[in-house]
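Participant: Provided herewith: upload_21.pdb, PDB, C-alpha atoms.
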```pdb
MODEL        1
ATOM      1  CA  MET P   1       4.812  -6.497 -13.023  1.00  0.00           C
ATOM      2  CA  ILE P   2       5.489  -5.389  -9.470  1.00  0.00           C
ATOM      3  CA  VAL P   3       8.790  -6.134  -7.779  1.00  0.00           C
ATOM      4  CA  ARG P   4       9.057  -5.001  -4.177  1.00  0.00           C
ATOM      5  CA  SER P   5      11.068  -6.140  -1.157  1.00  0.00           C
ATOM      6  CA  PHE P   6      10.289  -5.952   2.539  1.00  0.00           C
ATOM      7  CA  LYS P   7      13.338  -3.689   2.831  1.00  0.00           C
ATOM      8  CA  ASP P   8      11.689  -1.288   0.323  1.00  0.00           C
ATOM      9  CA  ILE P   9       8.651  -0.830   2.569  1.00  0.00           C
ATOM     10  CA  GLU P  10      10.388  -0.722   5.948  1.00  0.00           C
ATOM     11  CA  ASP P  11       9.320   2.383   7.898  1.00  0.00           C
ATOM     12  CA  THR P  12       6.834   3.472   5.183  1.00  0.00           C
ATOM     13  CA  GLU P  13       3.019   3.604   5.434  1.00  0.00           C
ATOM     14  CA  ARG P  14       3.037  -0.102   4.467  1.00  0.00           C
ATOM     15  CA  HIS P  15       4.982  -0.974   7.639  1.00  0.00           C
ATOM     16  CA  VAL P  16       2.266  -1.021  10.284  1.00  0.00           C
ATOM     17  CA  ARG P  17       2.815  -1.396  14.024  1.00  0.00           C
ATOM     18  CA  SER P  18      -0.252  -2.377  16.044  1.00  0.00           C
ATOM     19  CA  LYS P  19      -1.786  -0.070  18.609  1.00  0.00           C
ATOM     20  CA  SER P  20      -1.635  -3.010  21.032  1.00  0.00           C
ATOM     21  CA  GLY P  21       2.148  -3.232  20.667  1.00  0.00           C
ATOM     22  CA  THR P  22       1.973  -7.007  20.118  1.00  0.00           C
ATOM     23  CA  TRP P  23       2.797  -7.171  16.399  1.00  0.00           C
ATOM     24  CA  GLU P  24       4.067  -5.398  13.301  1.00  0.00           C
ATOM     25  CA  SER P  25       3.246  -6.081   9.680  1.00  0.00           C
ATOM     26  CA  LYS P  26       4.959  -5.282   6.385  1.00  0.00           C
ATOM     27  CA  ARG P  27       2.183  -5.171   3.826  1.00  0.00           C
ATOM     28  CA  ILE P  28       3.812  -5.893   0.505  1.00  0.00           C
ATOM     29  CA  VAL P  29       0.658  -6.366  -1.627  1.00  0.00           C
ATOM     30  CA  LEU P  30      -2.481  -4.347  -0.850  1.00  0.00           C
ATOM     31  CA  ALA P  31      -5.989  -3.890  -2.266  1.00  0.00           C
ATOM     32  CA  LYS P  32      -4.817  -0.973  -4.425  1.00  0.00           C
ATOM     33  CA  GLU P  33      -2.718  -3.400  -6.472  1.00  0.00           C
ATOM     34  CA  GLY P  34      -6.044  -4.868  -7.681  1.00  0.00           C
ATOM     35  CA  VAL P  35      -5.072  -8.555  -7.600  1.00  0.00           C
ATOM     36  CA  GLY P  36      -7.806  -9.853  -5.284  1.00  0.00           C
ATOM     37  CA  PHE P  37      -5.686 -10.566  -2.194  1.00  0.00           C
ATOM     38  CA  SER P  38      -3.179  -8.879   0.100  1.00  0.00           C
ATOM     39  CA  LEU P  39       0.157 -10.323   1.213  1.00  0.00           C
ATOM     40  CA  HIS P  40       2.045  -9.440   4.393  1.00  0.00           C
ATOM     41  CA  GLU P  41       4.935 -10.439   6.578  1.00  0.00           C
ATOM     42  CA  THR P  42       3.851 -10.196  10.201  1.00  0.00           C
ATOM     43  CA  ILE P  43       5.873 -10.554  13.377  1.00  0.00           C
ATOM     44  CA  LEU P  44       4.069 -11.284  16.633  1.00  0.00           C
ATOM     45  CA  TYR P  45       6.332 -10.516  19.573  1.00  0.00           C
ATOM     46  CA  ALA P  46       7.465 -13.175  22.046  1.00  0.00           C
ATOM     47  CA  GLY P  47       5.556 -13.279  25.315  1.00  0.00           C
ATOM     48  CA  THR P  48       2.527 -11.370  24.019  1.00  0.00           C
ATOM     49  CA  GLU P  49      -1.061 -12.431  23.446  1.00  0.00           C
ATOM     50  CA  THR P  50      -3.187 -11.271  20.514  1.00  0.00           C
ATOM     51  CA  SER P  51      -6.876 -12.168  20.174  1.00  0.00           C
ATOM     52  CA  MET P  52      -8.252 -11.828  16.660  1.00  0.00           C
ATOM     53  CA  TRP P  53     -11.453 -12.414  14.747  1.00  0.00           C
ATOM     54  CA  TYR P  54     -11.414 -11.828  11.002  1.00  0.00           C
ATOM     55  CA  ALA P  55     -15.180 -11.515  10.640  1.00  0.00           C
ATOM     56  CA  ASN P  56     -14.766  -9.805   7.248  1.00  0.00           C
ATOM     57  CA  HIS P  57     -11.766 -11.669   5.812  1.00  0.00           C
ATOM     58  CA  ILE P  58     -10.330 -15.118   5.179  1.00  0.00           C
ATOM     59  CA  GLU P  59      -6.691 -15.389   6.265  1.00  0.00           C
ATOM     60  CA  ALA P  60      -4.036 -17.991   5.492  1.00  0.00           C
ATOM     61  CA  VAL P  61      -0.895 -17.885   7.637  1.00  0.00           C
ATOM     62  CA  LEU P  62       2.416 -19.677   6.988  1.00  0.00           C
ATOM     63  CA  CYS P  63       4.932 -19.691   9.844  1.00  0.00           C
ATOM     64  CA  VAL P  64       8.484 -19.114   8.608  1.00  0.00           C
ATOM     65  CA  GLU P  65      10.242 -18.505  11.944  1.00  0.00           C
ATOM     66  CA  GLY P  66       9.471 -18.900  15.645  1.00  0.00           C
ATOM     67  CA  GLU P  67       6.907 -20.811  17.671  1.00  0.00           C
ATOM     68  CA  ALA P  68       3.446 -19.940  18.938  1.00  0.00           C
ATOM     69  CA  GLU P  69       0.380 -21.483  20.476  1.00  0.00           C
ATOM     70  CA  LEU P  70      -2.777 -20.947  18.430  1.00  0.00           C
ATOM     71  CA  THR P  71      -6.071 -21.329  20.291  1.00  0.00           C
ATOM     72  CA  ASN P  72      -9.420 -21.616  18.556  1.00  0.00           C
ATOM     73  CA  ASP P  73     -11.379 -19.470  21.022  1.00  0.00           C
ATOM     74  CA  GLU P  74     -14.666 -21.010  19.877  1.00  0.00           C
ATOM     75  CA  THR P  75     -13.709 -24.639  20.603  1.00  0.00           C
ATOM     76  CA  GLY P  76     -10.761 -24.307  22.999  1.00  0.00           C
ATOM     77  CA  GLU P  77      -8.647 -26.446  20.645  1.00  0.00           C
ATOM     78  CA  LYS P  78      -4.935 -25.575  20.745  1.00  0.00           C
ATOM     79  CA  HIS P  79      -2.294 -26.009  18.048  1.00  0.00           C
ATOM     80  CA  TRP P  80       1.469 -25.560  18.225  1.00  0.00           C
ATOM     81  CA  ILE P  81       2.568 -23.552  15.171  1.00  0.00           C
ATOM     82  CA  THR P  82       6.204 -23.901  14.046  1.00  0.00           C
ATOM     83  CA  PRO P  83       8.126 -23.124  10.827  1.00  0.00           C
ATOM     84  CA  GLY P  84       6.516 -24.794   7.841  1.00  0.00           C
ATOM     85  CA  THR P  85       3.069 -24.976   9.478  1.00  0.00           C
ATOM     86  CA  MET P  86       0.110 -23.212   7.858  1.00  0.00           C
ATOM     87  CA  TYR P  87      -3.262 -22.407   9.333  1.00  0.00           C
ATOM     88  CA  LEU P  88      -6.304 -21.202   7.427  1.00  0.00           C
ATOM     89  CA  LEU P  89      -9.110 -19.263   9.093  1.00  0.00           C
ATOM     90  CA  ASP P  90     -11.698 -20.378   6.549  1.00  0.00           C
ATOM     91  CA  GLY P  91     -14.589 -20.199   9.025  1.00  0.00           C
ATOM     92  CA  HIS P  92     -13.864 -16.722  10.452  1.00  0.00           C
ATOM     93  CA  GLU P  93     -12.784 -18.369  13.707  1.00  0.00           C
ATOM     94  CA  LYS P  94     -12.065 -16.230  16.758  1.00  0.00           C
ATOM     95  CA  HIS P  95      -8.532 -17.135  17.772  1.00  0.00           C
ATOM     96  CA  THR P  96      -5.637 -16.156  20.029  1.00  0.00           C
ATOM     97  CA  MET P  97      -1.917 -16.301  19.299  1.00  0.00           C
ATOM     98  CA  ARG P  98       0.619 -16.661  22.114  1.00  0.00           C
ATOM     99  CA  PRO P  99       4.151 -16.554  20.666  1.00  0.00           C
ATOM    100  CA  LYS P 100       6.851 -18.292  22.699  1.00  0.00           C
ATOM    101  CA  THR P 101       9.496 -16.604  20.528  1.00  0.00           C
ATOM    102  CA  ASP P 102       9.208 -13.811  17.999  1.00  0.00           C
ATOM    103  CA  PHE P 103       6.875 -15.397  15.453  1.00  0.00           C
ATOM    104  CA  ARG P 104       7.372 -14.414  11.809  1.00  0.00           C
ATOM    105  CA  CYS P 105       4.758 -15.448   9.296  1.00  0.00           C
ATOM    106  CA  VAL P 106       3.546 -14.709   5.786  1.00  0.00           C
ATOM    107  CA  CYS P 107      -0.176 -13.922   5.608  1.00  0.00           C
ATOM    108  CA  VAL P 108      -2.662 -13.707   2.750  1.00  0.00           C
ATOM    109  CA  PHE P 109      -6.022 -11.937   3.137  1.00  0.00           C
ATOM    110  CA  ASN P 110      -9.134 -12.119   0.989  1.00  0.00           C
ATOM    111  CA  PRO P 111     -10.701  -9.706   0.446  1.00  0.00           C
ATOM    112  CA  PRO P 112      -7.464  -7.735   0.382  1.00  0.00           C
ATOM    113  CA  ILE P 113      -6.783  -5.137   3.026  1.00  0.00           C
ATOM    114  CA  THR P 114      -5.933  -1.522   2.230  1.00  0.00           C
ATOM    115  CA  GLY P 115      -3.034  -1.291   4.680  1.00  0.00           C
ATOM    116  CA  ARG P 116      -4.652   0.975   7.270  1.00  0.00           C
ATOM    117  CA  GLU P 117      -6.383  -1.798   9.229  1.00  0.00           C
ATOM    118  CA  ASP P 118      -5.685  -2.597  12.867  1.00  0.00           C
ATOM    119  CA  HIS P 119      -7.705  -4.808  15.203  1.00  0.00           C
ATOM    120  CA  ASP P 120     -10.685  -3.153  16.878  1.00  0.00           C
ATOM    121  CA  GLU P 121     -11.893  -3.931  20.413  1.00  0.00           C
ATOM    122  CA  ASN P 122     -13.288  -7.276  19.143  1.00  0.00           C
ATOM    123  CA  GLY P 123     -10.085  -8.262  17.321  1.00  0.00           C
ATOM    124  CA  VAL P 124     -11.704  -7.508  13.941  1.00  0.00           C
ATOM    125  CA  TYR P 125     -10.218  -5.741  10.924  1.00  0.00           C
ATOM    126  CA  PRO P 126     -12.902  -3.431   9.509  1.00  0.00           C
ATOM    127  CA  LEU P 127     -13.869  -4.032   5.898  1.00  0.00           C
ATOM    128  CA  ILE P 128     -12.407  -0.975   4.146  1.00  0.00           C
ATOM    129  CA  THR P 129     -12.585  -0.584   0.384  1.00  0.00           C
ATOM    130  CA  GLU P 130     -10.273   1.419  -1.847  1.00  0.00           C
ATOM    131  CA  THR P 131     -13.066   3.903  -2.644  1.00  0.00           C
ATOM    132  CA  GLU P 132     -13.296   4.703   1.076  1.00  0.00           C
ATOM    133  CA  GLU P 133      -9.531   5.285   1.195  1.00  0.00           C
ATOM    134  CA  ALA P 134      -9.485   8.018  -1.453  1.00  0.00           C
TER     135      ALA P 134
ENDMDL
END
```
Any chance you could give the structure as structure tokens?
Facilitator:
Amino acid sequence: MIVRSFKDIEDTERHVRSKSGTWESKRIVLAKEGVGFSLHETILYAGTETSMWYANHIEAVLCVEGEAELTNDETGEKHWITPGTMYLLDGHEKHTMRPKTDFRCVCVFNPPITGREDHDENGVYPLITETEEA
């Protein structure tokens, strides 16, 4: 059994701040836990724009605080995401988030991430395995 709080991982290697400066993520469950998914709390900062494309992962996102516009960059469709709203990137959709306020969400990734990932120039997290991390 693992019991861990976000406070436990604050300012550790599990607390990742993006190179872009648009978000931070507390990665509470990672690939090394061996459970088949990773779990994070992510905050996207108000007034920023982050374009992403999880070409190697499926992501589910549940908004718990704040408001943001989600754009499906492939179709142009826009969605207003507020607390209690979930979106699932089950088709590896390229998308952009534009938070009106600080936007706090809980995210699940499959396959799980290792914790070192950040978006590349295409908005993609590389597919890193635990054997590559050692």
Participant: Spell out the residues picked by the PyMOL selection byres ((chain P and resi 102-106) around 10) here, as a PyMOL selection string.
Facilitator: chain P and resi 23-27+39-48+60-68+81-86+97-101+107-108
Participant: Ranking P:Asn110, P:His57, P:Ala31, P:Thr50 by minimum distance to Thr96 in chain P and counting all atoms listed in the file, which one comes first?
Facilitator: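 Of all the options, P:Thr50 lies closest to Thr96 in chain P.
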Participant: Out of P:Gly34, P:Glu59, P:Tyr87, P:Glu49, which residue has the shortest atom-to-atom distance to Thr22 in chain P when counting all atoms listed in the file?
Facilitator: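 Residue with the minimum atom-to-atom distance to Thr22 in chain P: P:Glu49.
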Participant: Kindly resolve the PyMOL selection byres ((chain P and resi 15) around 9) on the present coordinates and return the residues as a PDB file with C-alpha atoms, keeping the file's coordinate frame.
Facilitator:
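As a result, part-v9.pdb now contains:
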```pdb
ATOM      1  CA  PHE P   6      10.289  -5.952   2.539  1.00  0.00           C
ATOM      2  CA  ILE P   9       8.651  -0.830   2.569  1.00  0.00           C
ATOM      3  CA  GLU P  10      10.388  -0.722   5.948  1.00  0.00           C
ATOM      4  CA  ASP P  11       9.320   2.383   7.898  1.00  0.00           C
ATOM      5  CA  THR P  12       6.834   3.472   5.183  1.00  0.00           C
ATOM      6  CA  GLU P  13       3.019   3.604   5.434  1.00  0.00           C
ATOM      7  CA  ARG P  14       3.037  -0.102   4.467  1.00  0.00           C
ATOM      8  CA  VAL P  16       2.266  -1.021  10.284  1.00  0.00           C
ATOM      9  CA  ARG P  17       2.815  -1.396  14.024  1.00  0.00           C
ATOM     10  CA  GLU P  24       4.067  -5.398  13.301  1.00  0.00           C
ATOM     11  CA  SER P  25       3.246  -6.081   9.680  1.00  0.00           C
ATOM     12  CA  LYS P  26       4.959  -5.282   6.385  1.00  0.00           C
ATOM     13  CA  ARG P  27       2.183  -5.171   3.826  1.00  0.00           C
ATOM     14  CA  ILE P  28       3.812  -5.893   0.505  1.00  0.00           C
ATOM     15  CA  GLY P 115      -3.034  -1.291   4.680  1.00  0.00           C
TER      16      GLY P 115
END
```
Participant: Using the file's own x, y and z axes, what box holds all listed atoms of range 64-81 of chain P with 5 Å on each side, keeping edges along x, y and z, and what are its centre and edge lengths in Å to one decimal, as JSON?
Facilitator:
```
{"center_x": -2.2, "center_y": -22.5, "center_z": 15.8, "size_x": 34.9, "size_y": 17.9, "size_z": 24.4}
```
